[in-house]
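Coordinates as given in upload-v8.cif (mmCIF, C-alpha atoms):
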```cif
data_upload
#
loop_
_atom_site.label_atom_id
_atom_site.label_comp_id
_atom_site.auth_asym_id
_atom_site.auth_seq_id
_atom_site.Cartn_x
_atom_site.Cartn_y
_atom_site.Cartn_z
CA MET A 18 -28.07 -4.59 9.35
CA ALA A 19 -25.58 -5.18 6.52
CA LEU A 20 -23.10 -2.81 8.18
CA ILE A 21 -23.34 -4.69 11.48
CA LYS A 22 -22.74 -7.99 9.69
CA VAL A 23 -19.65 -6.62 7.96
CA LEU A 24 -18.30 -5.25 11.23
CA ILE A 25 -18.79 -8.66 12.88
CA ILE A 26 -16.93 -10.36 10.02
CA PHE A 27 -14.08 -7.83 10.24
CA VAL A 28 -13.82 -8.27 14.02
CA VAL A 29 -13.56 -12.06 13.55
CA ILE A 30 -10.85 -11.65 10.90
CA LEU A 31 -8.87 -9.18 13.04
CA THR A 32 -9.19 -11.45 16.08
CA LEU A 33 -7.88 -14.45 14.13
CA LEU A 34 -4.99 -12.41 12.74
CA ASN A 35 -4.18 -11.15 16.22
CA LYS A 36 -3.96 -14.80 17.34
CA ARG A 37 -1.26 -15.17 14.62
CA LEU A 38 -3.46 -17.33 12.42
CA PRO A 39 -2.11 -17.17 8.83
CA LEU A 40 -3.81 -14.55 6.67
CA TYR A 41 -5.16 -17.10 4.21
CA LEU A 42 -6.95 -19.05 6.97
CA ALA A 43 -8.42 -15.85 8.44
CA MET A 44 -9.70 -14.89 4.98
CA ILE A 45 -11.18 -18.36 4.44
CA PHE A 46 -13.10 -18.00 7.72
CA GLY A 47 -14.17 -14.51 6.70
CA SER A 48 -15.37 -15.74 3.32
CA LEU A 49 -17.39 -18.55 4.89
CA LEU A 50 -18.93 -16.09 7.36
CA MET A 51 -19.74 -13.80 4.45
CA ILE A 52 -21.59 -16.58 2.64
CA VAL A 53 -23.54 -17.61 5.75
CA MET A 54 -24.39 -14.18 7.20
CA PHE A 55 -25.38 -12.64 3.86
CA ARG A 56 -27.09 -15.84 2.70
CA LEU A 57 -25.22 -15.88 -0.57
CA PRO A 58 -26.29 -18.78 -2.84
CA PHE A 59 -23.55 -21.41 -2.67
CA ALA A 60 -23.52 -21.83 -6.44
CA THR A 61 -23.09 -18.08 -7.04
CA ALA A 62 -20.47 -17.73 -4.29
CA GLY A 63 -18.62 -20.72 -5.70
CA GLN A 64 -18.65 -19.25 -9.20
CA THR A 65 -17.36 -15.93 -7.86
CA ALA A 66 -14.56 -17.64 -5.93
CA LEU A 67 -13.64 -19.79 -8.94
CA HIS A 68 -13.61 -16.74 -11.21
CA THR A 69 -11.25 -15.00 -8.76
CA LEU A 70 -8.98 -18.02 -8.36
CA THR A 71 -8.63 -18.53 -12.09
CA GLY A 72 -8.50 -14.85 -13.02
CA TRP A 73 -5.31 -13.20 -14.22
CA ASP A 74 -5.59 -10.32 -11.69
CA VAL A 75 -4.72 -12.44 -8.67
CA TRP A 76 -2.05 -14.48 -10.43
CA SER A 77 -0.31 -11.43 -11.87
CA VAL A 78 -0.07 -10.05 -8.33
CA ASN A 79 1.25 -13.40 -7.06
CA LEU A 80 3.83 -13.52 -9.84
CA ALA A 81 4.92 -9.96 -9.10
CA MET A 82 5.21 -10.79 -5.40
CA TYR A 83 7.36 -13.82 -6.14
CA VAL A 84 9.83 -12.21 -8.56
CA ILE A 85 10.18 -9.11 -6.36
CA SER A 86 10.95 -11.40 -3.41
CA VAL A 87 13.64 -13.08 -5.51
CA LEU A 88 15.18 -9.72 -6.44
CA VAL A 89 15.04 -8.54 -2.80
CA TYR A 90 16.87 -11.70 -1.73
CA GLU A 91 19.54 -11.09 -4.38
CA LEU A 92 20.07 -7.50 -3.25
CA ASP A 93 20.14 -8.46 0.40
CA LEU A 94 22.65 -11.23 -0.27
CA ARG A 95 25.11 -8.64 -1.60
CA HIS A 96 24.21 -6.09 1.15
CA ARG A 97 22.97 -3.61 -1.46
CA PHE A 98 20.35 -2.00 0.80
CA LYS A 99 22.93 -1.22 3.46
CA ASP A 100 25.25 0.18 0.79
CA ALA A 101 22.40 2.36 -0.54
CA GLN A 102 21.62 3.62 2.95
CA ARG A 103 25.27 4.62 3.48
CA ALA A 104 25.37 6.35 0.09
CA MET A 105 22.21 8.37 0.77
CA ASN A 106 23.45 9.34 4.22
CA GLY A 107 26.59 10.68 2.57
CA LEU A 108 24.53 12.66 0.07
CA MET A 109 21.95 14.34 2.31
CA ARG A 110 23.10 13.71 5.89
CA ASP A 111 19.55 13.13 7.12
CA PRO A 112 18.59 9.44 7.35
CA ARG A 113 14.93 10.28 7.93
CA LEU A 114 14.61 12.21 4.68
CA ASN A 115 16.75 9.70 2.79
CA THR A 116 14.65 6.74 3.84
CA SER A 117 11.34 8.54 3.32
CA LEU A 118 12.22 9.50 -0.26
CA ALA A 119 13.65 6.05 -0.99
CA CYS A 120 10.49 4.28 0.27
CA MET A 121 8.25 6.60 -1.75
CA PHE A 122 10.35 5.96 -4.84
CA ILE A 123 10.20 2.20 -4.33
CA GLY A 124 6.44 2.60 -3.88
CA LEU A 125 6.25 3.53 -7.56
CA MET A 126 6.92 -0.14 -8.32
CA GLN A 127 3.65 -2.02 -7.93
CA GLY A 128 3.65 -5.27 -5.99
CA PRO A 129 3.01 -6.16 -2.32
CA ALA A 130 6.57 -7.42 -1.78
CA THR A 131 7.98 -3.90 -2.27
CA VAL A 132 6.80 -3.09 1.26
CA THR A 133 9.44 -5.49 2.61
CA ILE A 134 12.14 -3.48 0.81
CA CYS A 135 10.89 -0.39 2.60
CA GLY A 136 10.75 -2.36 5.85
CA GLY A 137 14.44 -3.21 5.56
CA MET A 138 15.36 0.40 4.82
CA VAL A 139 13.31 1.79 7.72
CA ASP A 140 14.76 -0.82 10.07
CA THR A 141 18.32 0.10 9.07
CA MET A 142 17.62 3.82 9.38
CA ALA A 143 15.75 3.71 12.72
CA GLY A 144 17.94 1.39 14.74
CA ASP A 145 16.41 1.25 18.22
CA HIS A 146 14.77 4.66 18.02
CA LEU A 147 11.31 3.67 16.73
CA LYS A 148 10.74 0.80 19.18
CA ASN A 149 8.56 -1.48 17.01
CA ASP A 150 6.93 1.38 15.11
CA GLU A 151 8.81 0.50 11.91
CA THR A 152 5.84 -1.42 10.50
CA ALA A 153 3.61 1.65 10.37
CA VAL A 154 6.34 3.92 9.00
CA ALA A 155 7.39 1.49 6.26
CA THR A 156 3.94 0.71 4.86
CA TYR A 157 2.72 4.32 5.11
CA LEU A 158 5.73 5.72 3.24
CA ARG A 159 5.56 2.99 0.60
CA HIS A 160 1.92 3.71 -0.21
CA ILE A 161 2.00 7.49 -0.61
CA PRO A 162 2.54 7.19 -4.41
CA GLU A 163 -0.54 4.95 -4.72
CA ALA A 164 -2.74 7.89 -3.75
CA MET A 165 -1.52 10.15 -6.56
CA VAL A 166 0.58 8.50 -9.29
CA PRO A 167 -1.39 7.63 -12.48
CA THR A 168 0.26 4.23 -12.91
CA PHE A 169 -1.94 2.80 -10.14
CA THR A 170 -5.38 1.37 -10.82
CA GLY A 171 -7.15 3.32 -8.07
CA VAL A 172 -5.96 6.68 -9.45
CA ILE A 173 -6.81 5.74 -13.04
CA VAL A 174 -10.32 4.59 -12.05
CA ALA A 175 -10.95 7.66 -9.87
CA CYS A 176 -9.86 10.18 -12.53
CA SER A 177 -11.75 8.33 -15.25
CA ILE A 178 -15.05 8.21 -13.34
CA SER A 179 -14.82 11.75 -11.98
CA GLY A 180 -13.76 13.30 -15.28
CA ILE A 181 -10.89 15.13 -13.55
CA SER A 182 -7.70 15.29 -15.61
CA ILE A 183 -4.84 13.23 -14.21
CA SER A 184 -2.44 16.18 -14.48
CA SER A 185 -4.73 18.48 -12.46
CA PHE A 186 -5.32 15.82 -9.83
CA PHE A 187 -1.58 15.07 -9.57
CA VAL A 188 -0.66 18.74 -9.09
CA TRP A 189 -3.13 19.23 -6.23
CA MET A 190 -2.00 15.97 -4.59
CA ILE A 191 1.64 17.08 -4.31
CA PRO A 192 1.01 19.35 -1.27
CA MET A 193 -1.03 16.55 0.30
CA ALA A 194 1.86 14.11 -0.16
CA LEU A 195 4.20 16.57 1.56
CA LEU A 196 1.69 17.03 4.38
CA THR A 197 1.49 13.24 4.76
CA LEU A 198 5.27 13.13 5.13
CA LEU A 199 4.91 15.82 7.81
CA ALA A 200 2.35 13.63 9.61
CA ILE A 201 4.75 10.66 9.61
CA TYR A 202 7.51 12.93 10.94
CA LEU A 203 5.33 14.35 13.71
CA VAL A 204 4.08 10.96 14.89
CA TYR A 205 7.21 8.81 14.51
CA LEU A 206 10.26 10.02 12.58
CA ARG A 207 11.06 12.98 14.84
CA ARG A 208 12.36 10.40 17.36
CA VAL A 209 15.14 9.39 14.97
CA PRO A 210 18.34 11.52 15.17
CA ARG A 211 18.89 13.81 12.21
CA THR A 212 22.67 13.61 11.93
CA VAL A 213 24.78 10.66 10.82
CA GLY A 214 28.47 9.87 11.21
CA GLU A 215 31.07 10.56 8.58
CA THR A 216 30.81 8.28 5.57
CA GLY A 217 34.38 8.79 4.39
CA ARG A 218 33.17 9.24 0.81
CA SER A 219 32.83 12.21 -1.49
CA LYS A 220 29.44 13.13 -2.98
CA LYS A 221 30.54 11.68 -6.31
CA GLU A 222 31.51 8.38 -4.69
CA CYS A 223 28.20 8.28 -2.85
CA VAL A 224 26.27 8.72 -6.12
CA ARG A 225 28.25 5.89 -7.71
CA LEU A 226 27.64 3.64 -4.69
CA LEU A 227 23.92 4.44 -4.76
CA LEU A 228 23.61 3.61 -8.46
CA ARG A 229 25.68 0.46 -8.06
CA SER A 230 23.48 -0.65 -5.15
CA LEU A 231 20.04 0.08 -6.57
CA TRP A 232 20.44 0.14 -10.35
CA SER A 233 18.17 -2.92 -10.65
CA LEU A 234 15.30 -1.29 -8.72
CA LEU A 235 15.74 2.05 -10.48
CA LEU A 236 15.71 0.36 -13.88
CA ALA A 237 12.65 -1.75 -13.01
CA ILE A 238 10.67 1.28 -11.84
CA ALA A 239 11.64 3.33 -14.89
CA VAL A 240 10.71 0.59 -17.38
CA ILE A 241 7.40 -0.14 -15.64
CA ILE A 242 6.35 3.52 -15.57
CA VAL A 243 7.63 4.59 -19.00
CA PHE A 244 6.53 1.56 -21.00
CA SER A 245 3.52 0.46 -18.88
CA LEU A 246 4.79 -3.12 -18.83
CA PRO A 247 3.59 -5.64 -16.21
CA THR A 248 5.60 -5.61 -13.01
CA TRP A 249 6.16 -9.34 -12.86
CA ALA A 250 7.65 -9.51 -16.36
CA VAL A 251 9.99 -6.54 -15.91
CA VAL A 252 11.26 -7.63 -12.49
CA ALA A 253 11.74 -11.23 -13.64
CA VAL A 254 14.07 -10.11 -16.45
CA ILE A 255 15.94 -7.66 -14.23
CA ALA A 256 16.38 -10.26 -11.46
CA ALA A 257 17.96 -12.61 -14.02
CA VAL A 258 20.26 -9.85 -15.32
CA ASN A 259 21.18 -8.85 -11.76
CA ALA A 260 22.19 -12.43 -10.97
CA LEU A 261 24.56 -12.35 -13.96
CA VAL A 262 25.98 -8.93 -13.10
CA GLU A 263 26.56 -9.92 -9.47
CA LYS A 264 28.12 -13.23 -10.61
CA PHE A 265 25.84 -15.43 -8.55
CA SER A 266 26.80 -19.07 -8.26
CA ALA A 267 24.35 -21.76 -9.32
CA GLN A 268 23.66 -22.48 -5.63
CA GLU A 269 22.94 -18.81 -4.92
CA VAL A 270 20.49 -18.66 -7.83
CA ARG A 271 18.73 -21.80 -6.54
CA ASP A 272 18.55 -20.30 -3.04
CA ALA A 273 17.02 -17.07 -4.41
CA LEU A 274 14.41 -18.98 -6.41
CA VAL A 275 13.49 -21.18 -3.46
CA LYS A 276 13.53 -18.58 -0.69
CA GLY A 277 11.60 -16.10 -2.81
CA PHE A 278 8.65 -18.52 -2.77
CA ASP A 279 6.56 -17.87 0.32
CA LEU A 280 3.50 -20.10 0.06
CA LYS A 281 1.70 -18.56 3.03
CA SER A 282 2.00 -15.05 1.59
CA LEU A 283 0.84 -16.15 -1.86
CA LEU A 284 -2.16 -17.99 -0.39
CA GLY A 285 -2.91 -14.91 1.71
CA ILE A 286 -3.03 -12.71 -1.39
CA THR A 287 -5.25 -15.20 -3.21
CA MET A 288 -7.78 -15.61 -0.41
CA THR A 289 -7.88 -11.85 0.23
CA TYR A 290 -8.99 -11.36 -3.38
CA VAL A 291 -11.68 -14.05 -2.93
CA PHE A 292 -12.97 -12.40 0.25
CA LYS A 293 -13.04 -8.95 -1.37
CA ASP A 294 -15.03 -10.23 -4.36
CA LEU A 295 -17.53 -11.93 -2.04
CA LEU A 296 -18.00 -8.62 -0.21
CA ILE A 297 -18.81 -6.95 -3.50
CA LEU A 298 -21.14 -9.83 -4.42
CA GLY A 299 -22.98 -9.32 -1.13
CA GLY A 300 -23.78 -5.73 -2.15
CA VAL A 301 -22.12 -4.19 0.89
CA ILE A 302 -20.77 -1.23 -1.08
CA ASP A 303 -24.21 -0.52 -2.56
CA VAL A 304 -25.97 -0.15 0.80
CA LEU A 305 -23.32 1.90 2.65
CA PRO A 306 -24.68 5.30 1.47
CA THR A 307 -28.03 4.62 3.13
CA TYR A 308 -26.34 4.58 6.55
CA PHE A 309 -24.56 7.91 6.25
CA GLU A 310 -26.22 10.16 3.69
CA HIS A 311 -28.66 11.73 6.18
CA LEU A 312 -26.12 12.60 8.88
CA PRO A 313 -26.32 16.27 10.09
CA ILE A 314 -22.82 17.14 8.89
CA PRO A 315 -21.40 18.81 5.74
CA ALA A 316 -21.63 16.78 2.54
CA PHE A 317 -17.87 16.41 2.19
CA LEU A 318 -17.66 14.81 5.67
CA VAL A 319 -20.40 12.34 4.73
CA LEU A 320 -18.31 11.41 1.70
CA VAL A 321 -15.18 11.07 3.85
CA ILE A 322 -16.98 8.57 6.11
CA LEU A 323 -18.41 6.67 3.13
CA TYR A 324 -15.08 6.54 1.34
CA ALA A 325 -13.26 5.39 4.48
CA PHE A 326 -15.74 2.57 5.09
CA GLY A 327 -15.82 1.63 1.41
CA THR A 328 -12.05 1.40 1.21
CA LEU A 329 -11.85 -0.63 4.42
CA VAL A 330 -14.37 -3.10 3.05
CA ALA A 331 -13.47 -3.46 -0.63
CA GLY A 332 -10.37 -1.44 -1.49
CA SER A 333 -9.70 1.87 -3.24
CA SER A 334 -10.72 0.84 -6.76
CA ALA A 335 -14.11 -0.52 -5.65
CA ALA A 336 -14.70 2.54 -3.45
CA ALA A 337 -13.91 4.81 -6.39
CA ALA A 338 -16.31 2.97 -8.68
CA ALA A 339 -19.08 3.00 -6.09
CA PHE A 340 -18.82 6.43 -4.48
CA ILE A 341 -17.24 8.91 -6.89
CA PRO A 342 -20.45 9.22 -8.97
CA LEU A 343 -22.32 9.83 -5.70
CA ALA A 344 -19.67 12.34 -4.58
CA TYR A 345 -20.03 14.50 -7.68
CA THR A 346 -23.81 14.27 -7.43
CA MET A 347 -23.68 15.60 -3.87
CA ILE A 348 -20.97 18.22 -4.66
CA PRO A 349 -21.19 18.89 -8.44
CA ASN A 350 -18.49 21.57 -8.39
CA GLY A 351 -16.07 19.52 -6.26
CA GLY A 352 -13.45 19.33 -9.02
CA ALA A 353 -9.90 18.17 -8.33
CA PHE A 354 -10.09 19.37 -4.72
CA LEU A 355 -12.81 16.86 -3.83
CA LEU A 356 -10.99 14.04 -5.61
CA ALA A 357 -7.76 14.88 -3.73
CA LEU A 358 -9.68 14.68 -0.45
CA LEU A 359 -11.29 11.33 -1.27
CA MET A 360 -8.08 9.71 -2.54
CA SER A 361 -6.18 10.88 0.55
CA VAL A 362 -8.85 9.33 2.78
CA SER A 363 -8.75 6.15 0.70
CA PHE A 364 -4.96 5.94 1.03
CA ALA A 365 -5.11 6.30 4.83
CA SER A 366 -8.05 3.90 5.25
CA SER A 367 -6.58 1.13 3.11
CA GLN A 368 -3.63 0.74 5.50
CA LEU A 369 -6.02 -0.46 8.23
CA SER A 370 -7.99 -2.94 6.13
CA PRO A 371 -7.60 -6.73 6.34
CA THR A 372 -8.24 -6.75 2.57
CA HIS A 373 -5.01 -4.77 2.06
CA ILE A 374 -2.31 -7.43 1.79
CA CYS A 375 0.67 -5.13 2.43
CA THR A 376 -0.27 -4.54 6.08
CA ALA A 377 -0.22 -8.30 6.72
CA ILE A 378 3.06 -8.70 4.81
CA ILE A 379 4.90 -5.98 6.75
CA SER A 380 3.54 -7.41 10.01
CA ASP A 381 4.99 -10.81 9.15
CA TYR A 382 8.26 -9.19 8.07
CA PHE A 383 8.77 -7.60 11.50
CA GLY A 384 7.27 -10.56 13.37
CA VAL A 385 4.33 -8.68 14.92
CA THR A 386 0.58 -9.23 14.80
CA PHE A 387 -1.68 -7.53 12.28
CA PHE A 388 -3.55 -5.81 15.10
CA ALA A 389 -0.29 -4.44 16.55
CA THR A 390 0.48 -2.83 13.19
CA VAL A 391 -3.04 -1.39 12.93
CA LYS A 392 -2.66 0.22 16.37
CA LYS A 393 0.54 1.90 15.20
CA LEU A 394 -1.18 3.06 12.00
CA LEU A 395 -4.23 4.57 13.71
CA PRO A 396 -2.56 7.88 14.72
CA LEU A 397 -1.28 8.32 11.14
CA PHE A 398 -4.74 7.52 9.75
CA LEU A 399 -6.49 10.07 11.99
CA LEU A 400 -3.90 12.80 11.37
CA THR A 401 -3.96 12.22 7.61
CA VAL A 402 -7.77 12.45 7.46
CA LEU A 403 -7.73 15.64 9.54
CA ILE A 404 -5.04 17.17 7.32
CA ALA A 405 -6.93 16.14 4.16
CA CYS A 406 -10.15 17.74 5.43
CA GLY A 407 -8.30 20.91 6.37
CA TYR A 408 -6.55 20.98 3.00
CA TYR A 409 -9.89 20.59 1.19
CA MET A 410 -11.52 23.36 3.26
CA LEU A 411 -8.56 25.69 2.58
CA LEU A 412 -8.62 25.05 -1.18
CA THR A 413 -12.39 25.57 -1.45
CA ALA A 414 -12.16 28.76 0.61
CA VAL A 415 -9.28 30.24 -1.40
CA PHE A 416 -10.28 29.13 -4.88
#
```
Would you mind writing the file's structure down as structure tokens?
Amino acid sequence: MALIKVLIIFVVILTLLNKRLPLYLAMIFGSLLMIVMFRLPFATAGQTALHTLTGWDVWSVNLAMYVISVLVYELDLRHRFKDAQRAMNGLMRDPRLNTSLACMFIGLMQGPATVTICGGMVDTMAGDHLKNDETAVATYLRHIPEAMVPTFTGVIVACSISGISISSFFVWMIPMALLTLLAIYLVYLRRVPRTVGETGRSKKECVRLLLRSLWSLLLAIAVIIVFSLPTWAVVAVIAAVNALVEKFSAQEVRDALVKGFDLKSLLGITMTYVFKDLLILGGVIDVLPTYFEHLPIPAFLVLVILYAFGTLVAGSSAAAAAFIPLAYTMIPNGGAFLLALLMSVSFASSQLSPTHICTAIISDYFGVTFFATVKKLLPLFLLTVLIACGYYMLLTAVF
């Protein structure tokens, strides 16, 4: 019964988003439905919402979103993304590979607004060849690092709970990341021409142009990863330094500060966090295993279904906390192979979830509905899950 209630709530949210209702309003409706359908005590639900609204987690994400938006505006104002695209085309002569690697690299920098950077790069690279498929390509490429890099909360939680070393997990996820790139190529990127015109620059000049265009992003990512500093603080300082280096006028600085503030997006992030915490309060994650654990299929497929549903409902970190102990109870010798499977499924599933803010952001960026983006993501989701299952079966058979 709980599963049916959740599905009803998700259908309502997706319907509202498809009607172009702002994300924050759809999440408010979803939260109210959650309270009513699960009969959550109003006092407890109110305390949970208040705790979320006043907690540092949501505001640190909002701050990161804002300062990244400011930096993106600064870079766009000086045409730095177009310059970077030209430089990479001169270096490798394959815009598909250039853009894929650039989006994955930018994905190392945590913060929902980074998906718009990838959106701009994919749009420039694809031209008219992808025909409104840019949303799926941009968000999928940007999130590949989140499935494997140990600077992300989901990976840290998963490795900690499972007892699998981060280094071992990372090594076995590298082939899966490459296979995910192959999936994106097979579904979408193969439609983009491989060759580019002459850039008129030497390799050395292209390297200089690339560094001059993206030094701020490269520096931000390096500092965040090496020193484990908060994204919002690092990007805020670098955005200020970039404004000085680029010799922005006072009016340009004011424009960046004002246009970087997107109230609807910030409210959407906030209310998504509230909705997700109410889902956890309702105990949805706790009852999911009862629906799937007796299915007549192999144990690893039961876990794939559980992990997919858990990620759709509450996100990768909550799914890891809830289901990884169960996973290693069902398959005690699963090791790094099982964790690689589950994290790959979590990565693919999260792209379809209304609780994943990046999908809504990239939809707004390209001016399409949330449901339109989900439809474009579905083939990538299915192919990624199939590849992950095949990869797991191959590893367990060989090793």
Quiz item: Written as a ChimeraX atom specification, which residues does the PyMOL selection byres ((chain A and resi 295-304) around 8) give for the file shown?
Solution: /A:19-20,23,48,51-52,55,57,62,65-66,291-294,305-308,327,330-331,336,339
Exercise. Return as a VMD selection string the set of residues that the PyMOL selection byres ((chain A and resi 142-148) around 7) yields on the displayed structure.
Key: chain A and resid 112 116 138 to 141 149 to 151 205 208 to 209
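Separating atom CA of A:Leu280 from atom CA of A:Ser333 is a distance of 25.8 Å.
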Apply the PyMOL selection byres ((chain A and resi 261-265) around 12) to the file shown and report the selected residues as a PDB file with C-alpha atoms, in the frame of the given file.
```
ATOM      1  CA  LEU A  88      15.180  -9.720  -6.440  1.00  0.00           C
ATOM      2  CA  TYR A  90      16.870 -11.700  -1.730  1.00  0.00           C
ATOM      3  CA  GLU A  91      19.540 -11.090  -4.380  1.00  0.00           C
ATOM      4  CA  LEU A  92      20.070  -7.500  -3.250  1.00  0.00           C
ATOM      5  CA  ASP A  93      20.140  -8.460   0.400  1.00  0.00           C
ATOM      6  CA  LEU A  94      22.650 -11.230  -0.270  1.00  0.00           C
ATOM      7  CA  ARG A  95      25.110  -8.640  -1.600  1.00  0.00           C
ATOM      8  CA  HIS A  96      24.210  -6.090   1.150  1.00  0.00           C
ATOM      9  CA  ARG A  97      22.970  -3.610  -1.460  1.00  0.00           C
ATOM     10  CA  ARG A 229      25.680   0.460  -8.060  1.00  0.00           C
ATOM     11  CA  SER A 230      23.480  -0.650  -5.150  1.00  0.00           C
ATOM     12  CA  TRP A 232      20.440   0.140 -10.350  1.00  0.00           C
ATOM     13  CA  SER A 233      18.170  -2.920 -10.650  1.00  0.00           C
ATOM     14  CA  VAL A 254      14.070 -10.110 -16.450  1.00  0.00           C
ATOM     15  CA  ILE A 255      15.940  -7.660 -14.230  1.00  0.00           C
ATOM     16  CA  ALA A 256      16.380 -10.260 -11.460  1.00  0.00           C
ATOM     17  CA  ALA A 257      17.960 -12.610 -14.020  1.00  0.00           C
ATOM     18  CA  VAL A 258      20.260  -9.850 -15.320  1.00  0.00           C
ATOM     19  CA  ASN A 259      21.180  -8.850 -11.760  1.00  0.00           C
ATOM     20  CA  ALA A 260      22.190 -12.430 -10.970  1.00  0.00           C
ATOM     21  CA  SER A 266      26.800 -19.070  -8.260  1.00  0.00           C
ATOM     22  CA  ALA A 267      24.350 -21.760  -9.320  1.00  0.00           C
ATOM     23  CA  GLN A 268      23.660 -22.480  -5.630  1.00  0.00           C
ATOM     24  CA  GLU A 269      22.940 -18.810  -4.920  1.00  0.00           C
ATOM     25  CA  VAL A 270      20.490 -18.660  -7.830  1.00  0.00           C
ATOM     26  CA  ARG A 271      18.730 -21.800  -6.540  1.00  0.00           C
ATOM     27  CA  ASP A 272      18.550 -20.300  -3.040  1.00  0.00           C
ATOM     28  CA  ALA A 273      17.020 -17.070  -4.410  1.00  0.00           C
TER      29      ALA A 273
END
```
Quiz prompt | Residue nearest A:Phe387 among A:Leu24, A:Leu399, A:Leu369, A:Ala414 (counting all atoms listed in the file) | solution = A:Leu369
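Shortest separation to A:Leu31 among A:Asn106, A:Ser380, A:Thr61, A:Ser370 occurs at residue A:Ser370, atoms counted being all atoms listed in the file.
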Self-check item: Pick from A:Ile123, A:Asp100, A:Leu50, A:Phe59 nearest to A:Leu235, counting only C-alpha atoms
Solution: A:Ile123
Quiz prompt | Selection near A:Phe186, 9 Å with all atoms listed in the file, sequence-local residues under 3 positions removed, as JSON, numbers by chain | solution = {"A": [165, 176, 181, 182, 183, 189, 190, 191, 352, 353, 354, 356, 357]}
